[in-house]
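**Student:** Below you'll find entry.cif; it's mmCIF, C-alpha atoms.
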data_protein
loop_
_atom_site.label_atom_id
_atom_site.label_comp_id
_atom_site.auth_asym_id
_atom_site.auth_seq_id
_atom_site.Cartn_x
_atom_site.Cartn_y
_atom_site.Cartn_z
CA MET A 1 26.48 2.29 31.38
CA LYS A 2 25.24 -1.27 31.08
CA LYS A 3 21.85 -0.03 30.09
CA SER A 4 23.37 2.26 27.49
CA LEU A 5 25.44 -0.56 26.06
CA LYS A 6 22.37 -2.76 25.95
CA MET A 7 20.43 -0.09 24.12
CA ARG A 8 23.27 0.38 21.68
CA PHE A 9 23.40 -3.36 21.14
CA CYS A 10 19.64 -3.49 20.55
CA PHE A 11 19.89 -0.60 18.12
CA SER A 12 22.79 -2.22 16.26
CA LEU A 13 20.88 -5.49 16.14
CA SER A 14 17.83 -3.71 14.76
CA VAL A 15 19.91 -1.99 12.11
CA ALA A 16 21.54 -5.28 11.20
CA MET A 17 18.14 -6.96 10.91
CA LEU A 18 16.89 -4.13 8.75
CA ALA A 19 19.95 -4.39 6.55
CA SER A 20 19.48 -8.13 6.18
CA LEU A 21 15.88 -7.53 5.21
CA LEU A 22 17.03 -5.23 2.43
CA THR A 23 19.95 -7.31 1.30
CA PHE A 24 18.70 -10.83 1.82
CA PRO A 25 14.93 -10.81 1.78
CA ALA A 26 14.95 -14.60 1.81
CA ALA A 27 16.63 -14.63 5.22
CA ASN A 28 13.25 -13.90 6.75
CA PHE A 29 11.96 -17.23 5.69
CA ALA A 30 14.99 -19.38 6.29
CA GLN A 31 13.62 -20.74 9.55
CA THR A 32 10.16 -21.37 8.20
CA ALA A 33 9.35 -24.98 7.51
CA ALA A 34 8.40 -25.74 3.93
CA PRO A 35 4.64 -25.37 3.69
CA LYS A 36 2.60 -28.35 2.62
CA SER A 37 0.11 -26.41 0.59
CA THR A 38 -0.44 -27.41 -2.99
CA THR A 39 -1.86 -24.11 -4.12
CA ALA A 40 -0.76 -22.62 -7.38
CA THR A 41 1.15 -19.98 -5.46
CA ASP A 42 3.22 -22.46 -3.51
CA LYS A 43 6.49 -22.16 -5.30
CA LYS A 44 8.18 -24.70 -3.03
CA ALA A 45 6.10 -27.36 -4.72
CA VAL A 46 8.05 -27.06 -7.97
CA PRO A 47 11.79 -26.67 -8.61
CA PHE A 48 12.73 -23.00 -8.41
CA SER A 49 13.32 -21.16 -11.64
CA ALA A 50 14.30 -17.50 -11.81
CA HIS A 51 12.34 -17.37 -15.05
CA ASP A 52 9.12 -18.54 -13.43
CA LEU A 53 7.62 -15.38 -11.99
CA SER A 54 4.23 -16.92 -11.31
CA GLY A 55 2.80 -16.41 -7.86
CA MET A 56 1.02 -13.91 -5.68
CA TYR A 57 3.17 -11.09 -4.41
CA GLU A 58 2.66 -8.09 -2.21
CA PHE A 59 4.47 -4.78 -1.88
CA PHE A 60 4.76 -4.49 1.88
CA VAL A 61 5.27 -0.95 3.08
CA ARG A 62 7.75 -1.77 5.81
CA GLY A 63 8.86 1.70 6.74
CA ILE A 64 12.27 1.02 5.25
CA PRO A 65 13.95 3.05 2.52
CA ASP A 66 12.50 2.57 -0.97
CA GLN A 67 9.39 0.79 0.25
CA GLY A 68 7.44 3.60 1.83
CA LEU A 69 7.47 6.24 -0.83
CA TYR A 70 3.97 5.47 -2.04
CA GLY A 71 4.88 4.74 -5.59
CA SER A 72 7.59 7.30 -6.10
CA PRO A 73 10.50 5.87 -8.04
CA SER A 74 12.89 7.42 -5.52
CA ALA A 75 13.02 10.18 -2.95
CA LYS A 76 14.56 12.69 -5.35
CA PRO A 77 12.67 13.36 -8.57
CA PRO A 78 14.42 14.83 -11.62
CA ASP A 79 13.88 18.51 -12.34
CA MET A 80 10.46 19.05 -13.83
CA THR A 81 9.72 20.86 -17.06
CA PRO A 82 7.43 23.92 -16.80
CA TRP A 83 4.65 21.70 -18.21
CA ALA A 84 5.03 19.21 -15.37
CA GLN A 85 5.64 21.86 -12.72
CA ALA A 86 2.33 23.53 -13.56
CA ARG A 87 0.54 20.23 -13.09
CA TYR A 88 2.42 19.38 -9.92
CA ASP A 89 1.56 22.79 -8.47
CA VAL A 90 -2.17 22.13 -8.69
CA ALA A 91 -1.96 18.53 -7.48
CA LYS A 92 -3.22 18.09 -3.93
CA PRO A 93 -1.98 14.71 -2.76
CA GLY A 94 -2.84 12.90 0.45
CA TYR A 95 0.80 11.96 1.04
CA GLY A 96 4.26 13.45 0.99
CA PRO A 97 5.59 16.97 1.29
CA LYS A 98 2.39 18.46 -0.14
CA ALA A 99 0.00 16.22 1.80
CA THR A 100 -3.37 17.79 2.50
CA VAL A 101 -6.77 16.65 3.68
CA GLU A 102 -8.23 18.51 0.68
CA SER A 103 -6.72 15.96 -1.71
CA ASN A 104 -7.65 15.99 -5.40
CA ASP A 105 -5.98 12.66 -6.09
CA PRO A 106 -7.75 11.25 -9.17
CA ILE A 107 -8.16 7.85 -7.50
CA LEU A 108 -10.64 9.38 -5.06
CA HIS A 109 -13.10 9.42 -7.95
CA CYS A 110 -12.15 5.83 -8.75
CA ASN A 111 -9.94 6.75 -11.67
CA PRO A 112 -7.52 3.85 -12.21
CA SER A 113 -4.05 4.21 -10.71
CA GLY A 114 -2.57 3.22 -14.07
CA ILE A 115 0.98 2.12 -14.80
CA PRO A 116 3.29 2.41 -12.91
CA ARG A 117 1.37 3.53 -9.80
CA ILE A 118 -0.76 0.39 -9.56
CA LEU A 119 2.43 -1.59 -8.84
CA PHE A 120 2.96 0.03 -5.45
CA TRP A 121 -0.24 -0.32 -3.48
CA PRO A 122 0.34 -2.58 -0.49
CA GLN A 123 -2.15 -5.08 -1.87
CA PRO A 124 -1.32 -8.33 -3.66
CA PHE A 125 -1.09 -8.99 -7.34
CA GLU A 126 -0.75 -12.32 -9.09
CA ILE A 127 1.56 -13.04 -11.99
CA VAL A 128 0.43 -15.66 -14.48
CA GLN A 129 2.67 -16.68 -17.37
CA THR A 130 1.46 -18.15 -20.64
CA PRO A 131 3.57 -18.97 -23.71
CA ASP A 132 3.00 -15.56 -25.29
CA ARG A 133 2.09 -13.27 -22.40
CA VAL A 134 2.73 -12.45 -18.77
CA PHE A 135 -0.37 -11.30 -16.94
CA MET A 136 -0.55 -9.29 -13.75
CA PHE A 137 -3.84 -9.39 -11.86
CA PHE A 138 -4.13 -6.75 -9.16
CA GLU A 139 -6.36 -6.97 -6.12
CA HIS A 140 -6.37 -3.19 -5.84
CA GLU A 141 -8.98 -1.81 -8.25
CA ARG A 142 -9.37 -5.37 -9.61
CA VAL A 143 -7.46 -4.44 -12.76
CA TRP A 144 -5.05 -6.46 -14.85
CA ARG A 145 -2.35 -5.90 -17.44
CA GLN A 146 -0.86 -8.03 -20.18
CA ILE A 147 2.77 -8.03 -21.20
CA TRP A 148 3.39 -9.55 -24.61
CA THR A 149 6.39 -11.90 -24.75
CA ASP A 150 6.02 -13.24 -28.28
CA GLY A 151 8.61 -10.92 -29.75
CA ARG A 152 6.22 -8.35 -31.12
CA SER A 153 6.93 -4.61 -31.12
CA HIS A 154 4.68 -1.85 -29.83
CA PRO A 155 1.94 -1.02 -32.34
CA LYS A 156 2.40 2.15 -34.37
CA ASP A 157 0.18 5.06 -33.28
CA VAL A 158 -0.78 3.35 -30.06
CA GLU A 159 -3.87 4.82 -28.44
CA PRO A 160 -3.11 6.13 -24.93
CA THR A 161 -4.74 4.08 -22.16
CA TRP A 162 -4.49 3.73 -18.37
CA MET A 163 -2.41 0.54 -18.53
CA GLY A 164 -0.59 1.23 -21.79
CA ASP A 165 0.97 -1.25 -24.20
CA SER A 166 3.56 -3.56 -22.65
CA ILE A 167 6.07 -5.91 -24.24
CA GLY A 168 8.48 -8.09 -22.29
CA ARG A 169 11.71 -9.97 -22.88
CA TRP A 170 14.34 -11.80 -20.83
CA GLU A 171 17.86 -10.45 -20.48
CA GLY A 172 19.64 -13.16 -18.53
CA ASP A 173 17.67 -13.53 -15.32
CA TYR A 174 16.04 -10.12 -15.65
CA PHE A 175 12.57 -9.76 -17.11
CA ILE A 176 12.37 -6.42 -18.90
CA VAL A 177 8.99 -4.82 -19.47
CA ASP A 178 8.73 -1.91 -21.86
CA THR A 179 5.54 0.15 -21.69
CA ILE A 180 4.31 3.09 -23.77
CA GLY A 181 0.87 4.33 -24.78
CA LEU A 182 -0.13 5.66 -21.37
CA ASN A 183 -2.62 8.48 -21.03
CA ASP A 184 -1.71 11.50 -18.91
CA LYS A 185 -4.71 11.27 -16.56
CA SER A 186 -3.00 9.26 -13.84
CA TRP A 187 -0.40 10.42 -11.34
CA LEU A 188 2.96 8.69 -11.26
CA ASP A 189 2.74 8.30 -7.50
CA SER A 190 0.74 9.22 -4.41
CA PHE A 191 2.73 12.45 -4.08
CA GLY A 192 1.10 13.94 -7.18
CA HIS A 193 3.98 13.76 -9.65
CA PRO A 194 2.53 14.06 -13.15
CA HIS A 195 3.42 12.37 -16.42
CA SER A 196 2.59 12.99 -20.05
CA GLU A 197 1.49 10.70 -22.86
CA GLU A 198 5.17 10.46 -23.82
CA LEU A 199 5.79 8.39 -20.69
CA HIS A 200 7.99 5.40 -21.35
CA VAL A 201 8.34 2.97 -18.42
CA ILE A 202 11.03 0.32 -18.37
CA GLU A 203 10.68 -2.25 -15.58
CA ARG A 204 13.44 -4.71 -14.68
CA TYR A 205 12.17 -7.62 -12.59
CA HIS A 206 14.44 -10.08 -10.84
CA HIS A 207 13.37 -13.23 -9.01
CA PRO A 208 16.45 -14.24 -7.00
CA ASN A 209 14.70 -16.78 -4.76
CA PRO A 210 11.23 -18.29 -4.37
CA ASN A 211 10.13 -15.66 -1.86
CA SER A 212 11.17 -12.42 -3.49
CA LEU A 213 10.65 -10.41 -6.58
CA THR A 214 12.53 -7.16 -7.02
CA LEU A 215 11.85 -4.32 -9.39
CA GLN A 216 13.92 -1.43 -10.62
CA TYR A 217 12.25 0.82 -13.13
CA THR A 218 12.89 3.94 -15.12
CA VAL A 219 10.42 6.68 -15.88
CA ASP A 220 11.44 8.35 -19.10
CA ASP A 221 9.19 11.27 -19.95
CA PRO A 222 10.98 14.22 -21.58
CA THR A 223 7.77 16.25 -21.67
CA ALA A 224 7.62 16.13 -17.86
CA TYR A 225 11.15 15.48 -16.55
CA LYS A 226 14.51 16.81 -17.60
CA TRP A 227 16.19 13.41 -17.29
CA PRO A 228 15.04 9.84 -16.76
CA TRP A 229 13.91 9.02 -13.22
CA ARG A 230 15.54 5.79 -12.10
CA SER A 231 13.90 4.00 -9.20
CA ASP A 232 15.32 2.47 -6.08
CA THR A 233 14.93 -1.28 -5.77
CA LYS A 234 11.39 -2.22 -4.79
CA ILE A 235 10.85 -5.54 -3.03
CA TYR A 236 7.81 -7.78 -3.40
CA THR A 237 7.21 -10.76 -1.15
CA LEU A 238 5.51 -14.00 -2.16
CA LEU A 239 2.30 -14.71 -0.27
CA ARG A 240 1.83 -18.29 0.83
CA ASN A 241 -0.91 -20.62 1.94
CA GLU A 242 -3.84 -18.93 3.65
CA LYS A 243 -2.37 -15.49 2.93
CA ALA A 244 -2.31 -16.09 -0.80
CA VAL A 245 -5.77 -14.75 -1.37
CA MET A 246 -7.07 -11.83 -3.31
CA GLU A 247 -10.53 -10.56 -2.66
CA GLU A 248 -12.85 -8.42 -4.73
CA LEU A 249 -11.65 -4.86 -4.33
CA PHE A 250 -13.27 -2.78 -7.01
CA CYS A 251 -13.20 0.95 -6.54
CA ILE A 252 -16.91 1.75 -6.18
CA PRO A 253 -17.79 5.46 -6.38
CA GLU A 254 -20.76 4.89 -4.08
CA GLU A 255 -18.51 3.33 -1.42
CA GLU A 256 -15.91 6.06 -1.84
CA ASP A 257 -18.57 8.71 -1.40
CA ALA A 258 -20.01 7.01 1.70
CA PHE A 259 -16.54 6.77 3.20
CA THR A 260 -15.82 10.40 2.38
CA LYS A 261 -19.02 11.49 4.08
CA ARG A 262 -18.63 9.39 7.23
CA ILE A 263 -14.86 9.50 7.76
CA ARG A 264 -12.83 11.77 5.49
CA GLU A 265 -14.86 14.92 5.90
CA PRO A 266 -15.30 14.70 9.68
CA ALA A 267 -11.61 13.83 10.06
CA ALA A 268 -10.78 16.93 8.03
CA GLY A 269 -12.95 19.01 10.35
CA ARG A 270 -15.70 19.58 7.82
CA PRO A 271 -19.29 19.17 8.92
CA THR A 272 -21.23 16.45 7.14
CA ASN A 273 -24.54 17.13 5.49
CA MET B 1 -11.54 3.63 35.38
CA LYS B 2 -13.62 1.12 33.46
CA GLY B 3 -16.10 2.78 31.17
CA LYS B 4 -14.29 6.07 31.41
CA LEU B 5 -12.41 7.62 28.59
CA THR B 6 -8.81 6.86 29.23
CA ILE B 7 -6.36 8.57 27.03
CA VAL B 8 -2.90 7.17 26.90
CA LEU B 9 -0.25 8.93 24.95
CA VAL B 10 2.22 6.38 23.75
CA LEU B 11 5.53 7.66 22.60
CA VAL B 12 7.79 4.67 22.55
CA MET B 13 11.14 4.91 20.88
CA GLY B 14 11.20 2.60 17.94
CA PHE B 15 7.43 2.73 17.57
CA LEU B 16 7.67 5.16 14.70
CA VAL B 17 11.07 4.03 13.52
CA PHE B 18 10.38 0.37 12.95
CA ARG B 19 6.67 0.38 12.30
CA ALA B 20 5.49 0.79 8.77
CA PRO B 21 3.52 3.91 7.97
CA LEU B 22 -0.15 3.13 7.97
CA PHE B 23 -1.82 2.72 4.68
CA ALA B 24 -4.91 4.67 3.76
CA HIS B 25 -5.36 5.16 0.06
CA HIS B 26 -6.73 8.66 0.53
CA GLY B 27 -3.73 9.75 2.58
CA ASN B 28 -2.86 10.14 6.23
CA ALA B 29 -2.65 13.92 6.34
CA ALA B 30 -5.77 14.23 8.48
CA TYR B 31 -4.31 12.20 11.35
CA ASP B 32 -1.78 12.90 14.06
CA ASP B 33 0.58 9.95 13.76
CA LYS B 34 2.71 11.09 16.68
CA GLY B 35 0.04 11.05 19.37
CA PRO B 36 -1.87 7.77 19.50
CA VAL B 37 -4.93 7.74 21.73
CA THR B 38 -6.45 4.70 23.45
CA PHE B 39 -10.04 4.45 24.65
CA LYS B 40 -12.56 1.84 25.78
CA GLY B 41 -16.07 1.78 24.49
CA THR B 42 -19.03 -0.05 23.04
CA VAL B 43 -19.22 -0.89 19.36
CA THR B 44 -22.29 0.62 17.72
CA GLU B 45 -21.48 -0.40 14.15
CA PHE B 46 -18.86 -2.55 12.43
CA LEU B 47 -18.64 -2.01 8.68
CA TRP B 48 -16.65 -4.65 6.81
CA VAL B 49 -16.55 -2.66 3.58
CA ASN B 50 -14.25 -1.19 0.96
CA PRO B 51 -12.36 0.99 0.66
CA HIS B 52 -11.77 0.89 4.44
CA VAL B 53 -13.25 -1.09 7.32
CA GLN B 54 -14.92 1.16 9.88
CA ILE B 55 -15.69 0.72 13.58
CA TYR B 56 -18.04 3.15 15.31
CA VAL B 57 -17.75 3.23 19.10
CA ASP B 58 -19.58 4.99 21.92
CA VAL B 59 -17.09 6.14 24.54
CA LYS B 60 -17.93 7.74 27.87
CA ASN B 61 -15.77 10.75 28.61
CA ASP B 62 -14.68 12.12 31.99
CA GLN B 63 -17.85 14.22 32.19
CA GLY B 64 -19.97 11.13 31.73
CA GLU B 65 -21.02 12.15 28.24
CA ILE B 66 -21.09 9.70 25.37
CA VAL B 67 -18.67 10.55 22.56
CA HIS B 68 -19.28 8.77 19.28
CA TRP B 69 -15.94 7.83 17.76
CA SER B 70 -15.59 6.95 14.06
CA CYS B 71 -12.58 4.75 13.41
CA GLU B 72 -11.19 3.57 10.10
CA THR B 73 -8.57 1.11 9.02
CA VAL B 74 -7.39 -0.76 5.92
CA SER B 75 -9.45 -2.79 3.45
CA PRO B 76 -11.25 -6.02 4.41
CA SER B 77 -8.80 -8.10 2.38
CA LYS B 78 -5.79 -6.70 4.23
CA LEU B 79 -7.46 -7.26 7.57
CA PHE B 80 -8.34 -10.79 6.56
CA ARG B 81 -4.66 -11.46 5.90
CA SER B 82 -3.95 -10.00 9.36
CA GLY B 83 -6.30 -12.46 11.07
CA TRP B 84 -9.57 -10.52 11.16
CA THR B 85 -12.90 -11.86 9.93
CA ARG B 86 -16.11 -10.11 9.00
CA ASP B 87 -17.84 -11.37 12.16
CA ILE B 88 -15.04 -10.63 14.61
CA LEU B 89 -16.96 -7.62 15.96
CA LYS B 90 -20.61 -6.75 16.35
CA ALA B 91 -22.69 -3.96 17.87
CA GLY B 92 -22.64 -4.15 21.65
CA ASP B 93 -19.10 -5.56 21.92
CA GLN B 94 -16.75 -3.90 24.40
CA VAL B 95 -13.44 -2.94 22.80
CA THR B 96 -10.28 -1.01 23.56
CA ILE B 97 -9.06 0.84 20.50
CA THR B 98 -5.84 2.71 19.85
CA VAL B 99 -6.03 5.26 17.04
CA PHE B 100 -4.12 8.11 15.52
CA PRO B 101 -6.71 10.85 16.15
CA ALA B 102 -7.81 13.46 13.62
CA LYS B 103 -5.79 16.67 13.77
CA SER B 104 -9.12 18.49 13.56
CA HIS B 105 -9.93 17.15 17.08
CA ALA B 106 -13.10 15.57 15.70
CA PRO B 107 -13.63 12.10 17.27
CA VAL B 108 -12.32 10.31 14.20
CA GLY B 109 -9.27 8.07 14.17
CA LEU B 110 -7.06 5.81 12.10
CA ILE B 111 -6.93 2.46 13.92
CA ARG B 112 -3.63 1.13 15.22
CA LYS B 113 -4.88 -1.69 17.39
CA VAL B 114 -8.10 -3.21 18.70
CA VAL B 115 -8.27 -5.27 21.88
CA LEU B 116 -11.38 -7.40 22.27
CA ALA B 117 -13.15 -8.02 25.58
CA ASP B 118 -11.39 -11.40 25.92
CA GLY B 119 -7.99 -9.75 25.56
CA LYS B 120 -7.37 -10.80 21.97
CA GLU B 121 -5.37 -8.16 20.13
CA LEU B 122 -6.01 -7.29 16.52
CA GLY B 123 -3.37 -5.40 14.61
CA THR B 124 -3.90 -3.69 11.29
CA GLU B 125 -0.51 -4.22 9.77
CA GLU B 126 -0.29 -7.22 7.55
CA GLN B 127 2.90 -9.18 8.13
CA ALA B 128 4.90 -10.58 5.24
CA GLN B 129 4.80 -14.11 6.68
#
Please go through the file and, once you have read it, give me the structure as C-alpha cells.

**Tutor:**
Amino acid sequence: MKKSLKMRFCFSLSVAMLASLLTFPAANFAQTAAPKSTTATDKKAVPFSAHDLSGMYEFFVRGIPDQGLYGSPSAKPPDMTPWAQARYDVAKPGYGPKATVESNDPILHCNPSGIPRILFWPQPFEIVQTPDRVFMFFEHERVWRQIWTDGRSHPKDVEPTWMGDSIGRWEGDYFIVDTIGLNDKSWLDSFGHPHSEELHVIERYHHPNPNSLTLQYTVDDPTAYKWPWRSDTKIYTLLRNEKAVMEELFCIPEEEDAFTKRIREPAAGRPTN
Amino acid sequence: MKGKLTIVLVLVMGFLVFRAPLFAHHGNAAYDDKGPVTFKGTVTEFLWVNPHVQIYVDVKNDQGEIVHWSCETVSPSKLFRSGWTRDILKAGDQVTITVFPAKSHAPVGLIRKVVLADGKELGTEEQAQ
C-alpha cells in the first residue's frame, strides 16, 4: 500500500512538473543563477522587453503535447480537399501514422523545409531585429528568412518561393507575422501534409519572459484544407552561454546519400551496393 | 561476460512516457523504440558528420563471431550541446552502447546512450538548460 501510494505520489509529482513546464516555462530556470556571459544571446544582460525577440532559441521536442508532432500545427488536421488528399495519399513520411522506411520526404533530397516546417526542427534559430526587419537564421539547412516590419504590404503578384514573403507587426505584446507567396513543393510537416501556393501562414509570437518564446499559428489554405488549421502553442527556449551556438549544418546531397547507403538502407533491410 | 554480446531489454515505466522521442530527420520508422538493446564492443569508426553522427562498433556475439554494428544519432551540433566533442571517441575505444535496433534485424541502431571505458555516460538528448 505504501509503495502504491509512493508511486501515485511520484506520478502526481511528474504530472505536476509536466504541467508547470507547459504553463510556466520560466519555472525551469528560476533556480538557475544569472549567468555572467556577455554574449549577444544573454538576455539577462539587458532589461527585459517583450518586444525584444532577439536571441537564440530552440524547439525542444520534450515528448509533451504540442511539442512532439514534428511540425504539425496540431494533432487533428482539418478535412482535406480532394486536391490535398491526392497529394497526402502519395506522401511517404518518416513519421506519424503513415511512417515508413521507404520515405519520399522531399528533404531527403535536400529540398528546403520551407515555411512553416523549418520552424519546428529541434535545432536552434537566432532572431535578429533591425529597424525595418526581423531576421530568423536557422541552424537546420543554414537558411534564413526576413520579416519586413516597416509597414509595407505584400507585393502584388508575388513569386512563390520556399520561404515566401513575410511582413510583421506588433499587436500589443504579440508579434504577428503574415506570410504568403510560398511554393507548393514543401510539406507542411514531417507527416506529409501538403499545401498549395495559396497557403497563408499567420504566426503569433509571444515573449512572456527572457527564457521563452511561444508561437501559435494558423495555416489557411482553402485549396488544401476545408477550414483554417489553428496550431497548438509551440514553446521555444532561449539557449544560453556555451549552448548558444549554431554550427554549419547545410543539407549536402553527398552526405545524405552516404548516410542513406551506410545507415538508412541497411536499417530498412535493404542490401547496400 | 566481458567482450560478449550482452543484450539487455530495458522496459522501464516512465522511460517512454517522459523521454522525448528521438530525433532523426529521416524518420524513426526503421527502429524498434520499445526494445532497446545494449552491447559492448570496439569502435572501428567514429564519423562526426552531418546529417547524423555515426559510430561503427565490432561486437562479439555468443558464438564468438564479430558482428559489425552501425549506430547513428543526431547531428554534431546537437551532440556538441549535449557535451560531446569530435574527438570524444576514436577507433579502438571500448564502449557500451544502448540503441533502438532496426526492425529489420540488421545490426543497425539509433543510439540512446554511450558509456565510455572510464564510465562516462553520453546521452543524445539535448537538455534545455

**Student:** I need the residue set behind the PyMOL selection byres ((chain B and resi 116) around 9) for this file; please write it as JSON, numbers by chain.

**Tutor:** {"B": [89, 93, 94, 95, 96, 97, 114, 115, 117, 118, 119, 120, 121, 122]}

**Student:** To verify the selection step, state as a VMD selection string which residues the PyMOL selection byres ((chain A and resi 206-222) around 6) yields on this input.

**Tutor:** chain A and resid 50 174 198 to 205 223 to 226 228 to 231 233 to 238

**Student:** What does the PyMOL selection byres ((chain A and resi 153) around 10) select in this file, as a list in words?

**Tutor:**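 Applying the PyMOL selection byres ((chain A and resi 153) around 10) to the structure shown produces Trp148, Thr149, Asp150, Gly151, Arg152, His154, Pro155, Lys156, Asp165, Ser166, Ile167, Gly168 and Asp178 of chain A.
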
**Student:** Considering only C-alpha atoms, can you say which of B:Trp84, B:Thr73, B:Phe46, B:Val59 comes closest to Gly27 (chain B)?

**Tutor:**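 When distances to Gly27 (chain B) are compared using only C-alpha atoms, the smallest one comes from B:Thr73.
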
**Student:** Could you pull the residues within 9 Å of Glu139 (chain A), counting only C-alpha atoms, minus those fewer than 5 positions along the same chain, as a PyMOL selection string?

**Tutor:** (chain A and resi 123-126+144+246-250) or (chain B and resi 77)

**Student:** Can you spit out the residues from that selection as a short mmCIF file (atom, residue, chain, number, x, y, z; two decimals), keeping the file's coordinate frame, using C-alpha atoms?

**Tutor:**
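Contents of result-v9.cif, freshly written:
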data_model
loop_
_atom_site.label_atom_id
_atom_site.label_comp_id
_atom_site.auth_asym_id
_atom_site.auth_seq_id
_atom_site.Cartn_x
_atom_site.Cartn_y
_atom_site.Cartn_z
CA GLN A 123 -2.15 -5.08 -1.87
CA PRO A 124 -1.32 -8.33 -3.66
CA PHE A 125 -1.09 -8.99 -7.34
CA GLU A 126 -0.75 -12.32 -9.09
CA TRP A 144 -5.05 -6.46 -14.85
CA MET A 246 -7.07 -11.83 -3.31
CA GLU A 247 -10.53 -10.56 -2.66
CA GLU A 248 -12.85 -8.42 -4.73
CA LEU A 249 -11.65 -4.86 -4.33
CA PHE A 250 -13.27 -2.78 -7.01
CA SER B 77 -8.80 -8.10 2.38
#

**Student:** Please provide the set of residues having any atom within 12 Å of Phe80 (chain B), restricted to all atoms listed in the file, with same-chain residues fewer than 4 positions apart removed, written as a list in words.

**Tutor:**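 Once the nearby chain positions are removed, what remains is Gln123, Glu242, Lys243, Ala244, Val245, Met246 and Glu247 of chain A; Trp48, Val49, Val53, Val74, Ser75, Pro76, Trp84, Thr85, Arg86, Asp87, Ile88, Leu122, Gly123, Thr124, Glu125, Glu126 and Gln127 of chain B.
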
**Student:** For C-alpha atoms, I'd like the residues from the last selection saved as a PDB file, in the frame of the given file.

**Tutor:**
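As written to disk, again_8.pdb reads:
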ATOM      1  CA  GLN A 123      -2.150  -5.080  -1.870  1.00  0.00           C
ATOM      2  CA  GLU A 242      -3.840 -18.930   3.650  1.00  0.00           C
ATOM      3  CA  LYS A 243      -2.370 -15.490   2.930  1.00  0.00           C
ATOM      4  CA  ALA A 244      -2.310 -16.090  -0.800  1.00  0.00           C
ATOM      5  CA  VAL A 245      -5.770 -14.750  -1.370  1.00  0.00           C
ATOM      6  CA  MET A 246      -7.070 -11.830  -3.310  1.00  0.00           C
ATOM      7  CA  GLU A 247     -10.530 -10.560  -2.660  1.00  0.00           C
TER       8      GLU A 247
ATOM      9  CA  TRP B  48     -16.650  -4.650   6.810  1.00  0.00           C
ATOM     10  CA  VAL B  49     -16.550  -2.660   3.580  1.00  0.00           C
ATOM     11  CA  VAL B  53     -13.250  -1.090   7.320  1.00  0.00           C
ATOM     12  CA  VAL B  74      -7.390  -0.760   5.920  1.00  0.00           C
ATOM     13  CA  SER B  75      -9.450  -2.790   3.450  1.00  0.00           C
ATOM     14  CA  PRO B  76     -11.250  -6.020   4.410  1.00  0.00           C
ATOM     15  CA  TRP B  84      -9.570 -10.520  11.160  1.00  0.00           C
ATOM     16  CA  THR B  85     -12.900 -11.860   9.930  1.00  0.00           C
ATOM     17  CA  ARG B  86     -16.110 -10.110   9.000  1.00  0.00           C
ATOM     18  CA  ASP B  87     -17.840 -11.370  12.160  1.00  0.00           C
ATOM     19  CA  ILE B  88     -15.040 -10.630  14.610  1.00  0.00           C
ATOM     20  CA  LEU B 122      -6.010  -7.290  16.520  1.00  0.00           C
ATOM     21  CA  GLY B 123      -3.370  -5.400  14.610  1.00  0.00           C
ATOM     22  CA  THR B 124      -3.900  -3.690  11.290  1.00  0.00           C
ATOM     23  CA  GLU B 125      -0.510  -4.220   9.770  1.00  0.00           C
ATOM     24  CA  GLU B 126      -0.290  -7.220   7.550  1.00  0.00           C
ATOM     25  CA  GLN B 127       2.900  -9.180   8.130  1.00  0.00           C
TER      26      GLN B 127
END

**Student:** Counting all atoms listed in the file, which residues of chain A come no farther than 8 Å from chain B, as a PyMOL selection string?

**Tutor:** chain A and resi 29+60-64+68+93-95+99-101+103+105+108+122-123+237+239-240+242-243+246-247+249+251+255-256+259+262-263+266-269

**Student:** Just give me the gap between CA of Ile107 (chain A) and CA of Leu182 (chain A) in Å, one decimal is fine.

**Tutor:**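 Taking CA of Ile107 (chain A) and CA of Leu182 (chain A), their separation equals 16.2 Å.
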
**Student:** Quick check, in Å to one decimal: how far apart do CA of Asp132 (chain A) and CA of Val177 (chain A) lie?

**Tutor:**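 Going from CA of Asp132 (chain A) over to CA of Val177 (chain A) covers 13.6 Å.
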
**Student:** Please report the interatomic distance between CA of Trp227 (chain A) and CA of Pro78 (chain A) in Å with one decimal.

**Tutor:**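 Here the two named atoms are 6.1 Å from each other.
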
**Student:** Using only C-alpha atoms, determine which residues lie at most 6 Å from Asp184 (chain A), disregarding the query and same-chain residues fewer than 2 positions distant; provide the list as a VMD selection string.

**Tutor:** chain A and resid 186 195 to 197

**Student:** Counting all atoms listed in the file, which residues come within 9 Å of (9.2, 10.4, -6.1), with the point read in the file's coordinates, and could you list them as number ranges by chain?

**Tutor:** A: 69-78, 188-193, 229, 231

**Student:** I'd like to know which of A:Arg117, A:Ile252, A:Thr179, A:Asp157 is closest to Arg142 (chain A), using only C-alpha atoms.

**Tutor:** A:Ile252
